>>> print(open('input-v6.txt').read())   # compact mmCIF, C-alpha atoms and all ligand atoms
# COMPACT_ATOMS: atom_id res chain seq x y z
CA MET A 1 -114.59 -126.98 -90.17
CA LYS A 2 -111.16 -128.58 -89.90
CA ALA A 3 -108.11 -126.43 -89.15
CA ILE A 4 -104.47 -126.90 -88.19
CA ARG A 5 -104.07 -125.02 -84.91
CA LEU A 6 -101.17 -123.96 -82.75
CA THR A 7 -102.62 -124.48 -79.28
CA ALA A 8 -99.52 -124.46 -77.05
CA TRP A 9 -95.91 -123.24 -77.34
CA GLU A 10 -93.21 -125.88 -77.80
CA GLN A 11 -95.83 -128.31 -79.09
CA PRO A 12 -96.69 -129.57 -82.58
CA ALA A 13 -99.70 -128.09 -84.34
CA GLU A 14 -102.93 -130.10 -84.17
CA LEU A 15 -105.85 -130.90 -86.44
CA ALA A 16 -108.92 -129.43 -84.74
CA SER A 17 -112.55 -128.62 -85.40
CA VAL A 18 -113.43 -124.93 -85.21
CA PRO A 19 -116.50 -122.89 -86.20
CA GLU A 20 -116.60 -121.57 -89.76
CA PRO A 21 -115.55 -117.93 -89.58
CA GLU A 22 -117.78 -115.08 -90.72
CA PRO A 23 -116.45 -111.92 -92.35
CA GLY A 24 -116.87 -108.75 -90.30
CA PRO A 25 -117.17 -105.23 -91.73
CA GLY A 26 -114.73 -104.72 -94.60
CA GLU A 27 -113.46 -108.31 -94.41
CA VAL A 28 -113.23 -111.06 -97.02
CA LEU A 29 -114.17 -114.72 -96.44
CA LEU A 30 -111.99 -117.03 -98.50
CA ARG A 31 -112.69 -120.66 -99.36
CA VAL A 32 -109.13 -122.00 -99.15
CA ALA A 33 -107.83 -123.83 -102.22
CA GLY A 34 -104.28 -124.36 -100.97
CA ALA A 35 -102.04 -123.37 -98.05
CA GLY A 36 -98.28 -123.97 -97.97
CA LEU A 37 -96.35 -125.54 -95.08
CA CYS A 38 -93.34 -123.40 -94.20
CA HIS A 39 -90.25 -124.14 -92.16
CA SER A 40 -91.03 -121.03 -90.11
CA ASP A 41 -94.17 -122.82 -88.87
CA LEU A 42 -91.78 -125.35 -87.28
CA HIS A 43 -89.95 -122.49 -85.55
CA LEU A 44 -93.31 -121.31 -84.20
CA MET A 45 -93.91 -124.79 -82.76
CA HIS A 46 -90.45 -124.92 -81.19
CA TRP A 47 -90.08 -121.42 -79.78
CA ARG A 48 -90.80 -120.73 -76.12
CA ALA A 49 -93.75 -118.73 -74.85
CA GLY A 50 -92.87 -115.04 -75.02
CA THR A 51 -90.61 -115.31 -78.09
CA LEU A 52 -93.41 -113.75 -80.15
CA PRO A 53 -96.22 -111.49 -78.95
CA TYR A 54 -98.93 -113.89 -80.19
CA GLU A 55 -101.89 -115.19 -78.24
CA LEU A 56 -102.84 -118.85 -78.66
CA PRO A 57 -104.60 -120.64 -80.16
CA PHE A 58 -104.60 -119.68 -83.82
CA THR A 59 -104.72 -121.46 -87.18
CA LEU A 60 -101.39 -121.75 -89.02
CA GLY A 61 -100.88 -121.11 -92.73
CA HIS A 62 -99.32 -117.93 -94.14
CA GLU A 63 -99.14 -118.97 -97.82
CA VAL A 64 -102.75 -119.06 -98.91
CA ALA A 65 -104.76 -118.93 -102.11
CA GLY A 66 -108.47 -119.48 -102.56
CA THR A 67 -111.76 -118.17 -103.85
CA VAL A 68 -113.74 -115.31 -102.35
CA ALA A 69 -116.76 -116.98 -100.69
CA ALA A 70 -118.43 -113.96 -99.07
CA LEU A 71 -117.83 -110.30 -98.30
CA GLY A 72 -118.41 -108.53 -95.01
CA PRO A 73 -120.46 -105.31 -94.97
CA GLY A 74 -118.67 -102.56 -96.87
CA ALA A 75 -115.95 -104.75 -98.40
CA ASP A 76 -115.61 -103.68 -102.00
CA GLY A 77 -113.22 -103.76 -104.94
CA ILE A 78 -113.36 -107.56 -104.95
CA GLU A 79 -116.00 -110.03 -106.16
CA VAL A 80 -117.45 -113.23 -104.71
CA GLY A 81 -116.01 -116.10 -106.75
CA GLU A 82 -112.74 -114.28 -107.54
CA PRO A 83 -109.57 -116.43 -107.12
CA VAL A 84 -106.95 -114.57 -105.08
CA LEU A 85 -103.59 -114.97 -103.37
CA VAL A 86 -103.35 -113.64 -99.81
CA TYR A 87 -100.66 -111.12 -98.90
CA GLY A 88 -99.63 -112.53 -95.51
CA PRO A 89 -98.24 -109.65 -93.42
CA TRP A 90 -101.24 -107.76 -92.12
CA GLY A 91 -100.30 -104.23 -91.08
CA CYS A 92 -102.43 -101.27 -90.06
CA GLY A 93 -102.71 -100.15 -93.70
CA ARG A 94 -101.98 -96.47 -93.08
CA CYS A 95 -98.64 -95.98 -91.28
CA PRO A 96 -95.64 -94.83 -93.39
CA ALA A 97 -94.54 -98.44 -94.06
CA CYS A 98 -98.03 -99.70 -94.93
CA SER A 99 -98.77 -96.71 -97.13
CA VAL A 100 -96.04 -97.86 -99.53
CA GLY A 101 -97.19 -101.48 -99.33
CA ALA A 102 -94.47 -102.62 -96.90
CA GLU A 103 -96.92 -104.06 -94.37
CA HIS A 104 -94.28 -106.56 -93.19
CA LEU A 105 -92.57 -103.55 -91.57
CA CYS A 106 -95.68 -102.16 -89.84
CA GLU A 107 -95.16 -101.73 -86.13
CA VAL A 108 -98.59 -100.43 -85.26
CA GLY A 109 -100.45 -102.77 -82.95
CA GLY A 110 -97.63 -105.28 -82.55
CA THR A 111 -94.88 -106.57 -84.78
CA GLY A 112 -95.11 -109.32 -87.34
CA ARG A 113 -98.77 -110.30 -87.19
CA GLY A 114 -100.47 -111.75 -90.23
CA ALA A 115 -102.11 -114.77 -91.75
CA GLY A 116 -101.22 -117.78 -89.60
CA LEU A 117 -98.92 -115.60 -87.51
CA GLY A 118 -100.78 -114.75 -84.34
CA LEU A 119 -104.03 -114.53 -86.34
CA ASP A 120 -105.98 -117.33 -88.03
CA GLY A 121 -104.34 -118.40 -91.29
CA GLY A 122 -105.17 -120.64 -94.20
CA LEU A 123 -104.58 -124.20 -92.99
CA ALA A 124 -108.35 -124.58 -92.80
CA GLU A 125 -111.36 -124.87 -95.07
CA TYR A 126 -112.12 -121.14 -94.77
CA MET A 127 -110.25 -118.08 -93.59
CA VAL A 128 -111.05 -114.41 -93.11
CA VAL A 129 -108.78 -111.80 -94.71
CA PRO A 130 -109.09 -108.41 -92.97
CA SER A 131 -109.28 -106.35 -96.18
CA PRO A 132 -109.46 -106.72 -99.99
CA ARG A 133 -106.20 -104.70 -99.91
CA LEU A 134 -104.44 -107.87 -98.69
CA THR A 135 -105.27 -109.95 -101.78
CA VAL A 136 -103.74 -110.22 -105.24
CA PRO A 137 -105.85 -111.46 -108.19
CA LEU A 138 -104.66 -114.83 -109.49
CA ASP A 139 -105.95 -114.23 -113.02
CA GLY A 140 -105.83 -117.82 -114.20
CA LEU A 141 -102.97 -119.21 -112.09
CA ASP A 142 -103.74 -122.54 -110.40
CA PRO A 143 -104.44 -121.49 -106.79
CA VAL A 144 -102.86 -124.62 -105.27
CA ALA A 145 -99.60 -124.14 -107.15
CA ALA A 146 -99.73 -120.38 -106.55
CA ALA A 147 -100.30 -120.47 -102.78
CA PRO A 148 -96.59 -120.74 -101.87
CA LEU A 149 -95.81 -117.63 -103.90
CA ALA A 150 -97.06 -115.66 -100.87
CA ASP A 151 -93.88 -116.48 -98.94
CA ALA A 152 -91.64 -118.98 -100.79
CA GLY A 153 -91.90 -116.65 -103.80
CA LEU A 154 -92.18 -113.23 -102.19
CA THR A 155 -89.46 -113.56 -99.54
CA PRO A 156 -86.59 -114.46 -101.91
CA TYR A 157 -87.94 -111.97 -104.48
CA HIS A 158 -87.77 -109.14 -101.94
CA ALA A 159 -84.23 -110.21 -100.99
CA ILE A 160 -82.95 -110.55 -104.56
CA ARG A 161 -84.71 -107.59 -106.17
CA ARG A 162 -82.95 -105.08 -103.95
CA VAL A 163 -79.50 -106.33 -105.02
CA LEU A 164 -80.08 -106.94 -108.74
CA PRO A 165 -77.47 -104.26 -109.67
CA LEU A 166 -74.81 -106.49 -108.03
CA LEU A 167 -75.75 -109.48 -110.20
CA ARG A 168 -73.88 -108.41 -113.33
CA PRO A 169 -72.52 -110.66 -116.10
CA GLY A 170 -69.71 -112.84 -114.77
CA THR A 171 -70.89 -112.74 -111.15
CA THR A 172 -72.12 -115.60 -109.00
CA ALA A 173 -74.98 -115.87 -106.52
CA ILE A 174 -74.95 -118.58 -103.86
CA VAL A 175 -78.18 -120.02 -102.46
CA ILE A 176 -77.75 -121.95 -99.20
CA GLY A 177 -80.64 -124.27 -98.28
CA VAL A 178 -82.76 -125.37 -101.23
CA GLY A 179 -86.15 -125.94 -99.62
CA GLY A 180 -89.36 -124.03 -100.34
CA LEU A 181 -87.77 -120.57 -100.46
CA GLY A 182 -84.39 -121.71 -101.75
CA HIS A 183 -85.55 -123.42 -104.92
CA VAL A 184 -87.54 -120.31 -105.87
CA ALA A 185 -84.49 -118.15 -105.04
CA VAL A 186 -82.48 -120.14 -107.60
CA GLN A 187 -85.20 -119.62 -110.22
CA LEU A 188 -85.46 -115.91 -109.44
CA VAL A 189 -81.73 -115.23 -109.85
CA LYS A 190 -81.77 -117.09 -113.18
CA ALA A 191 -84.92 -115.28 -114.35
CA LEU A 192 -83.87 -111.78 -113.30
CA SER A 193 -80.10 -111.66 -113.84
CA PRO A 194 -77.19 -113.06 -115.87
CA ALA A 195 -75.42 -114.34 -112.71
CA ARG A 196 -74.33 -117.95 -112.23
CA VAL A 197 -76.04 -119.75 -109.36
CA VAL A 198 -74.29 -122.14 -106.96
CA ALA A 199 -76.70 -124.00 -104.67
CA VAL A 200 -75.74 -125.66 -101.38
CA ASP A 201 -77.73 -128.14 -99.31
CA ARG A 202 -76.94 -131.14 -97.14
CA ARG A 203 -79.71 -133.20 -98.76
CA GLU A 204 -79.10 -134.95 -102.08
CA GLN A 205 -82.76 -134.60 -103.12
CA ALA A 206 -82.66 -130.85 -102.48
CA LEU A 207 -79.64 -130.57 -104.78
CA GLU A 208 -81.66 -132.35 -107.46
CA VAL A 209 -84.42 -129.78 -106.99
CA ALA A 210 -81.78 -127.03 -107.25
CA ALA A 211 -80.50 -128.45 -110.53
CA ARG A 212 -84.05 -128.66 -111.90
CA SER A 213 -84.57 -125.05 -110.78
CA GLY A 214 -81.66 -123.93 -112.94
CA ALA A 215 -78.62 -123.92 -110.62
CA ASP A 216 -75.36 -123.94 -112.60
CA ALA A 217 -73.57 -125.90 -109.85
CA VAL A 218 -74.75 -127.78 -106.78
CA LEU A 219 -72.61 -128.57 -103.73
CA PRO A 220 -73.33 -130.93 -100.84
CA ALA A 221 -73.01 -129.02 -97.56
CA ALA A 222 -71.34 -131.88 -95.69
CA ASP A 223 -67.70 -130.93 -94.97
CA LEU A 224 -67.96 -127.91 -97.29
CA THR A 225 -65.50 -125.22 -96.17
CA PRO A 226 -65.94 -121.48 -96.77
CA SER A 227 -62.85 -121.41 -98.99
CA GLN A 228 -64.16 -124.30 -101.12
CA LEU A 229 -67.45 -122.46 -101.51
CA ARG A 230 -65.60 -119.26 -102.40
CA ALA A 231 -63.64 -121.16 -105.07
CA ALA A 232 -66.88 -122.59 -106.47
CA ALA A 233 -68.17 -119.01 -106.77
CA GLY A 234 -65.25 -118.16 -109.02
CA GLY A 235 -62.36 -117.17 -106.77
CA ARG A 236 -63.39 -113.59 -106.14
CA GLY A 237 -66.38 -114.85 -104.18
CA ALA A 238 -70.10 -114.46 -104.59
CA ALA A 239 -71.68 -111.08 -105.33
CA VAL A 240 -74.76 -112.22 -103.41
CA VAL A 241 -75.41 -114.99 -100.90
CA VAL A 242 -78.98 -115.90 -100.01
CA ASP A 243 -78.94 -117.98 -96.82
CA CYS A 244 -82.27 -119.75 -96.36
CA VAL A 245 -81.06 -121.59 -93.24
CA GLY A 246 -79.37 -119.07 -90.93
CA THR A 247 -77.35 -121.27 -88.59
CA ASP A 248 -73.85 -120.36 -87.32
CA ASP A 249 -72.47 -122.85 -89.86
CA THR A 250 -74.31 -121.52 -92.90
CA LEU A 251 -73.59 -117.90 -91.94
CA ALA A 252 -69.89 -118.78 -91.65
CA LEU A 253 -70.09 -120.23 -95.17
CA ALA A 254 -71.75 -117.04 -96.37
CA ALA A 255 -69.15 -114.82 -94.68
CA GLY A 256 -66.32 -116.89 -96.14
CA ALA A 257 -67.66 -116.96 -99.69
CA ILE A 258 -68.88 -113.37 -100.17
CA ALA A 259 -66.97 -111.07 -102.54
CA PRO A 260 -65.74 -107.59 -101.55
CA GLY A 261 -68.72 -105.26 -101.81
CA GLY A 262 -71.02 -108.27 -101.78
CA HIS A 263 -74.35 -108.71 -100.07
CA VAL A 264 -75.55 -111.46 -97.75
CA SER A 265 -79.30 -111.84 -97.33
CA VAL A 266 -80.34 -114.04 -94.43
CA LEU A 267 -83.83 -115.50 -94.82
CA GLY A 268 -83.55 -118.55 -92.54
CA LEU A 269 -84.73 -118.11 -88.97
CA ALA A 270 -82.38 -120.58 -87.28
CA GLY A 271 -80.99 -117.78 -85.11
CA GLY A 272 -77.29 -118.06 -85.94
CA THR A 273 -74.81 -115.19 -85.64
CA PHE A 274 -73.14 -113.63 -88.68
CA PRO A 275 -69.43 -113.00 -87.95
CA MET A 276 -69.55 -109.28 -88.78
CA ARG A 277 -66.12 -108.05 -87.68
CA ALA A 278 -63.44 -106.03 -89.43
CA GLY A 279 -61.08 -108.60 -90.95
CA ALA A 280 -63.57 -111.45 -90.76
CA VAL A 281 -65.44 -110.45 -93.91
CA PRO A 282 -64.34 -108.68 -97.12
CA LEU A 283 -64.49 -104.90 -97.27
CA GLU A 284 -67.94 -103.40 -97.75
CA THR A 285 -69.85 -106.60 -97.12
CA SER A 286 -73.49 -105.81 -96.36
CA VAL A 287 -75.79 -108.13 -94.47
CA ILE A 288 -79.56 -108.04 -94.15
CA PHE A 289 -81.88 -110.19 -92.11
CA SER A 290 -84.49 -109.97 -94.81
CA ASN A 291 -88.14 -110.46 -94.03
CA TRP A 292 -91.02 -111.19 -96.40
CA GLY A 293 -91.82 -108.33 -98.85
CA THR A 294 -94.24 -105.68 -100.04
CA ARG A 295 -97.70 -105.88 -101.62
CA GLU A 296 -96.29 -104.45 -104.82
CA GLU A 297 -93.60 -107.15 -104.89
CA LEU A 298 -96.19 -109.91 -104.39
CA ALA A 299 -98.06 -108.65 -107.45
CA GLU A 300 -94.75 -108.79 -109.36
CA VAL A 301 -94.11 -112.36 -108.15
CA VAL A 302 -97.55 -113.33 -109.46
CA GLU A 303 -96.65 -111.77 -112.81
CA LEU A 304 -93.41 -113.78 -112.91
CA ALA A 305 -95.35 -116.99 -112.23
CA ARG A 306 -97.92 -116.11 -114.87
CA ALA A 307 -95.09 -115.55 -117.37
CA GLY A 308 -93.67 -118.99 -116.52
CA ALA A 309 -90.41 -117.50 -115.19
CA ILE A 310 -90.87 -119.19 -111.79
CA ALA A 311 -92.83 -122.24 -110.66
CA VAL A 312 -93.00 -123.75 -107.19
CA GLU A 313 -92.50 -127.52 -107.02
CA ILE A 314 -95.43 -128.66 -104.91
CA GLU A 315 -96.64 -131.79 -103.17
CA ARG A 316 -100.35 -131.81 -102.30
CA VAL A 317 -101.57 -133.25 -98.99
CA PRO A 318 -105.01 -133.23 -97.33
CA LEU A 319 -105.43 -131.23 -94.10
CA ALA A 320 -105.50 -134.40 -92.03
CA ALA A 321 -101.99 -135.26 -93.26
CA VAL A 322 -100.51 -131.88 -92.29
CA PRO A 323 -99.18 -132.85 -88.82
CA ALA A 324 -97.27 -135.79 -90.36
CA ALA A 325 -96.06 -133.57 -93.20
CA TYR A 326 -94.64 -131.08 -90.68
CA GLU A 327 -92.71 -133.95 -89.06
CA ARG A 328 -91.36 -134.91 -92.47
CA LEU A 329 -90.43 -131.27 -93.16
CA ALA A 330 -88.54 -131.13 -89.86
CA ALA A 331 -86.64 -134.28 -90.83
CA GLY A 332 -85.66 -132.84 -94.22
CA GLY A 333 -87.97 -135.21 -96.09
CA CYS A 334 -89.89 -132.70 -98.24
CA ASN A 335 -88.99 -131.39 -101.69
CA GLY A 336 -90.02 -127.91 -102.82
CA ARG A 337 -93.22 -126.99 -100.99
CA VAL A 338 -95.92 -129.14 -99.38
CA VAL A 339 -99.33 -127.54 -99.96
CA ALA A 340 -102.37 -128.54 -97.92
CA VAL A 341 -105.51 -128.84 -100.03
CA PRO A 342 -108.58 -128.79 -97.74
CA ARG A 343 -110.98 -129.83 -100.48
CA ASP A 344 -109.11 -133.08 -101.18
CA ALA A 345 -109.73 -134.14 -97.58
ZN ZN B 401 -92.91 -118.90 -94.27
ZN ZN B 402 -98.84 -100.02 -90.66
>>> encode(input="input-v6.txt", output="structure tokens", more="lines below")
Ligand SMILES: [Zn+2]
Ligand SMILES: [Zn+2]
Amino acid sequence: MKAIRLTAWEQPAELASVPEPEPGPGEVLLRVAGAGLCHSDLHLMHWRAGTLPYELPFTLGHEVAGTVAALGPGADGIEVGEPVLVYGPWGCGRCPACSVGAEHLCEVGGTGRGAGLGLDGGLAEYMVVPSPRLTVPLDGLDPVAAAPLADAGLTPYHAIRRVLPLLRPGTTAIVIGVGGLGHVAVQLVKALSPARVVAVDRREQALEVAARSGADAVLPAADLTPSQLRAAAGGRGAAVVVDCVGTDDTLALAAGAIAPGGHVSVLGLAGGTFPMRAGAVPLETSVIFSNWGTREELAEVVELARAGAIAVEIERVPLAAVPAAYERLAAGGCNGRVVAVPRDA
């Protein structure tokens, strides 16, 4: 079968032919319907050997939905033919973090492994999911449109849900970087709170996506100063900033625009430094480098999508077009989320 593989560090991913996988004991074989292309895949291709404890090669794709094609011996609680969304962080399943569904925080057997992250993911015709536990029923949602919920939906949901008490009437949330995660972040704040949303991006087309997603104001990032952004948030500053980029520049914007007692959630993996010093940020600013989310939260994200409260803007591409689509993503030329659809190929 065809798959998009990471075969060497500091190299682009490649279209390759690999054997169709077979499900082992307790495992689930999925016929992939759709797999999202994420900016973090680009980081994987750019980072040096040793940055992550992953062995190469493996198939990329950590936002995956599909249909159960076969079950390994002993896999139960799930049916062949069932459409499911894959929960991407694959923990041990029984440590304290995993036992409350927070498998993204599991540290047993290595940090941060999951679908398309050190282990074969969904940019392929088939993939193996280690356990039925790591799937959420789609119950009628279109699997191609739902695939990005696994990260572009779950990651901002996890970040925003924990600070909903800050998003009271009259407050403002700022979303910096309106790509795959960012445009869902805008929708989530509007769906879950009465806060205004100000969206920032350097790309005009991303600001159009932000407006369609419900942003109350959109600001081009070019030449934007922290004090201008603070003013746009209503003078007092933003109760919450969600930074989907994470460069020194965007973190400086976040630090300059946050309100006293406000919360900055950094989702972007660009590796910038937040200027966390007394005097540099308002009193009682909290900052989190937020990462993915829990199994329970993914089920809630699916419910929000089913209720029509959030919807990912998607562009479908065949597997063979994925390497070119990654180049376009790197150049800022994608809107919303690009989803690879193996069966269209
Ligand atoms: Zn991602
Ligand atoms: Zn665990």
>>> axis_aligned_box(input="input-v6.txt", around="stretch 198-212 of chain A", padding_each_side="4 Å", output="lines of an AutoDock Vina configuration file")
center_x = -79.4
center_y = -128.5
center_z = -104.5
size_x = 18.1
size_y = 20.8
size_z = 22.8
>>> closest_residue(input="input-v6.txt", among="A:Gly88, A:Gly234, A:Pro226, A:Pro323", to="ligand ZN 401 (chain B)", atoms="all atoms listed in the file")
A:Gly88
>>> residues_near_ligand(input="input-v6.txt", ligand="ligand ZN 401 (chain B)", cutoff="8 Å", atoms="all atoms listed in the file", output="JSON, numbers by chain")
{"A": [37, 38, 39, 40, 41, 62, 63, 151, 152]}
>>> residues_around(input="input-v6.txt", residues="A:Gly256", least_positions_apart="3", cutoff="10 Å", atoms="only C-alpha atoms", output="CSV table (one decimal) with C-alpha atoms, in the frame of the given file")
chain,number,residue,atom,x,y,z
A,225,THR,CA,-65.5,-125.2,-96.2
A,226,PRO,CA,-65.9,-121.5,-96.8
A,227,SER,CA,-62.8,-121.4,-99.0
A,228,GLN,CA,-64.2,-124.3,-101.1
A,229,LEU,CA,-67.4,-122.5,-101.5
A,230,ARG,CA,-65.6,-119.3,-102.4
A,237,GLY,CA,-66.4,-114.8,-104.2
A,238,ALA,CA,-70.1,-114.5,-104.6
A,250,THR,CA,-74.3,-121.5,-92.9
A,251,LEU,CA,-73.6,-117.9,-91.9
A,252,ALA,CA,-69.9,-118.8,-91.6
A,253,LEU,CA,-70.1,-120.2,-95.2
A,259,ALA,CA,-67.0,-111.1,-102.5
A,275,PRO,CA,-69.4,-113.0,-88.0
A,280,ALA,CA,-63.6,-111.4,-90.8
A,281,VAL,CA,-65.4,-110.4,-93.9
A,282,PRO,CA,-64.3,-108.7,-97.1
>>> residues_near_point(input="input-v6.txt", point="(-86.4, -116.7, -110.2)", cutoff="9 Å", atoms="only C-alpha atoms", output="number ranges by chain")
A: 153, 156-157, 183-193, 213, 304, 309-311
>>> residues_near_point(input="input-v6.txt", point="(-75.9, -117.1, -110.3)", cutoff="6 Å", atoms="only C-alpha atoms", output="VMD selection string")
chain A and resid 172 to 173 195 to 197
>>> residues_near_ligand(input="input-v6.txt", ligand="ligand ZN 402 (chain B)", cutoff="8 Å", atoms="all atoms listed in the file", output="MDAnalysis selection string")
chainID A and resid 91:99 103 105:108
>>> closest_residue(input="input-v6.txt", among="A:Cys244, A:Ile174, A:Val100, A:Ala325", to="A:Ala231", atoms="all atoms listed in the file")
A:Ile174
>>> atom_distance(input="input-v6.txt", atom1="atom CA of A:Gln205", atom2="atom CA of A:Gly180")
12.8 Å
>>> atom_distance(input="input-v6.txt", atom1="atom CA of A:Arg161", atom2="atom CA of A:Gly293")
10.2 Å
>>> atom_distance(input="input-v6.txt", atom1="atom CA of A:Met1", atom2="atom CA of A:Leu60")
14.2 Å
>>> residues_around(input="input-v6.txt", residues="A:Leu134", least_positions_apart="4", cutoff="9 Å", atoms="all atoms listed in the file", output="MDAnalysis selection string")
chainID A and resid 85:90 129:130 295
>>> closest_atom_pairs(input="input-v6.txt", of="stretch 66-165 of chain A", to="stretch 20-26 of chain A", cutoff="7 Å", atoms="all atoms listed in the file", output="tab-separated table")
residue	atom	partner	partner_atom	distance
A:Leu71	CA	A:Pro23	CA	6.3
A:Gly72	CA	A:Pro23	CA	4.7
A:Pro73	CA	A:Pro25	CA	4.6
A:Gly74	CA	A:Gly26	CA	5.0
A:Ala75	CA	A:Gly26	CA	4.0
A:Tyr126	CA	A:Glu20	CA	6.7
A:Met127	CA	A:Pro21	CA	6.6
A:Val128	CA	A:Pro23	CA	6.0
A:Pro130	CA	A:Gly26	CA	6.9
A:Ser131	CA	A:Gly26	CA	5.9
>>> residues_around(input="input-v6.txt", residues="A:Val341", least_positions_apart="2", cutoff="10 Å", atoms="all atoms listed in the file", output="list in words")
Val32, Ala33, Gly34, Ala35, Gly36, Leu123, Ala124, Glu125, Val144, Glu315, Arg316, Val317, Pro318, Leu319, Ala320, Ala321, Val322, Val338, Val339, Arg343, Asp344 and Ala345 of chain A
>>> write_last_selection(input="input-v6.txt", atoms="C-alpha atoms", output="compact mmCIF listing (two decimals), in the coordinates of the input")
# COMPACT_ATOMS: atom_id res chain seq x y z
CA VAL A 32 -109.13 -122.00 -99.15
CA ALA A 33 -107.83 -123.83 -102.22
CA GLY A 34 -104.28 -124.36 -100.97
CA ALA A 35 -102.04 -123.37 -98.05
CA GLY A 36 -98.28 -123.97 -97.97
CA LEU A 123 -104.58 -124.20 -92.99
CA ALA A 124 -108.35 -124.58 -92.80
CA GLU A 125 -111.36 -124.87 -95.07
CA VAL A 144 -102.86 -124.62 -105.27
CA GLU A 315 -96.64 -131.79 -103.17
CA ARG A 316 -100.35 -131.81 -102.30
CA VAL A 317 -101.57 -133.25 -98.99
CA PRO A 318 -105.01 -133.23 -97.33
CA LEU A 319 -105.43 -131.23 -94.10
CA ALA A 320 -105.50 -134.40 -92.03
CA ALA A 321 -101.99 -135.26 -93.26
CA VAL A 322 -100.51 -131.88 -92.29
CA VAL A 338 -95.92 -129.14 -99.38
CA VAL A 339 -99.33 -127.54 -99.96
CA ARG A 343 -110.98 -129.83 -100.48
CA ASP A 344 -109.11 -133.08 -101.18
CA ALA A 345 -109.73 -134.14 -97.58
>>> residues_around(input="input-v6.txt", residues="A:Gly177", least_positions_apart="4", cutoff="7 Å", atoms="all atoms listed in the file", output="PyMOL selection string")
chain A and resi 182+200-201+243-245
>>> closest_residue(input="input-v6.txt", among="A:Glu208, A:Ile176, A:Ala221, A:Ala3", to="A:Val264", atoms="all atoms listed in the file")
A:Ile176
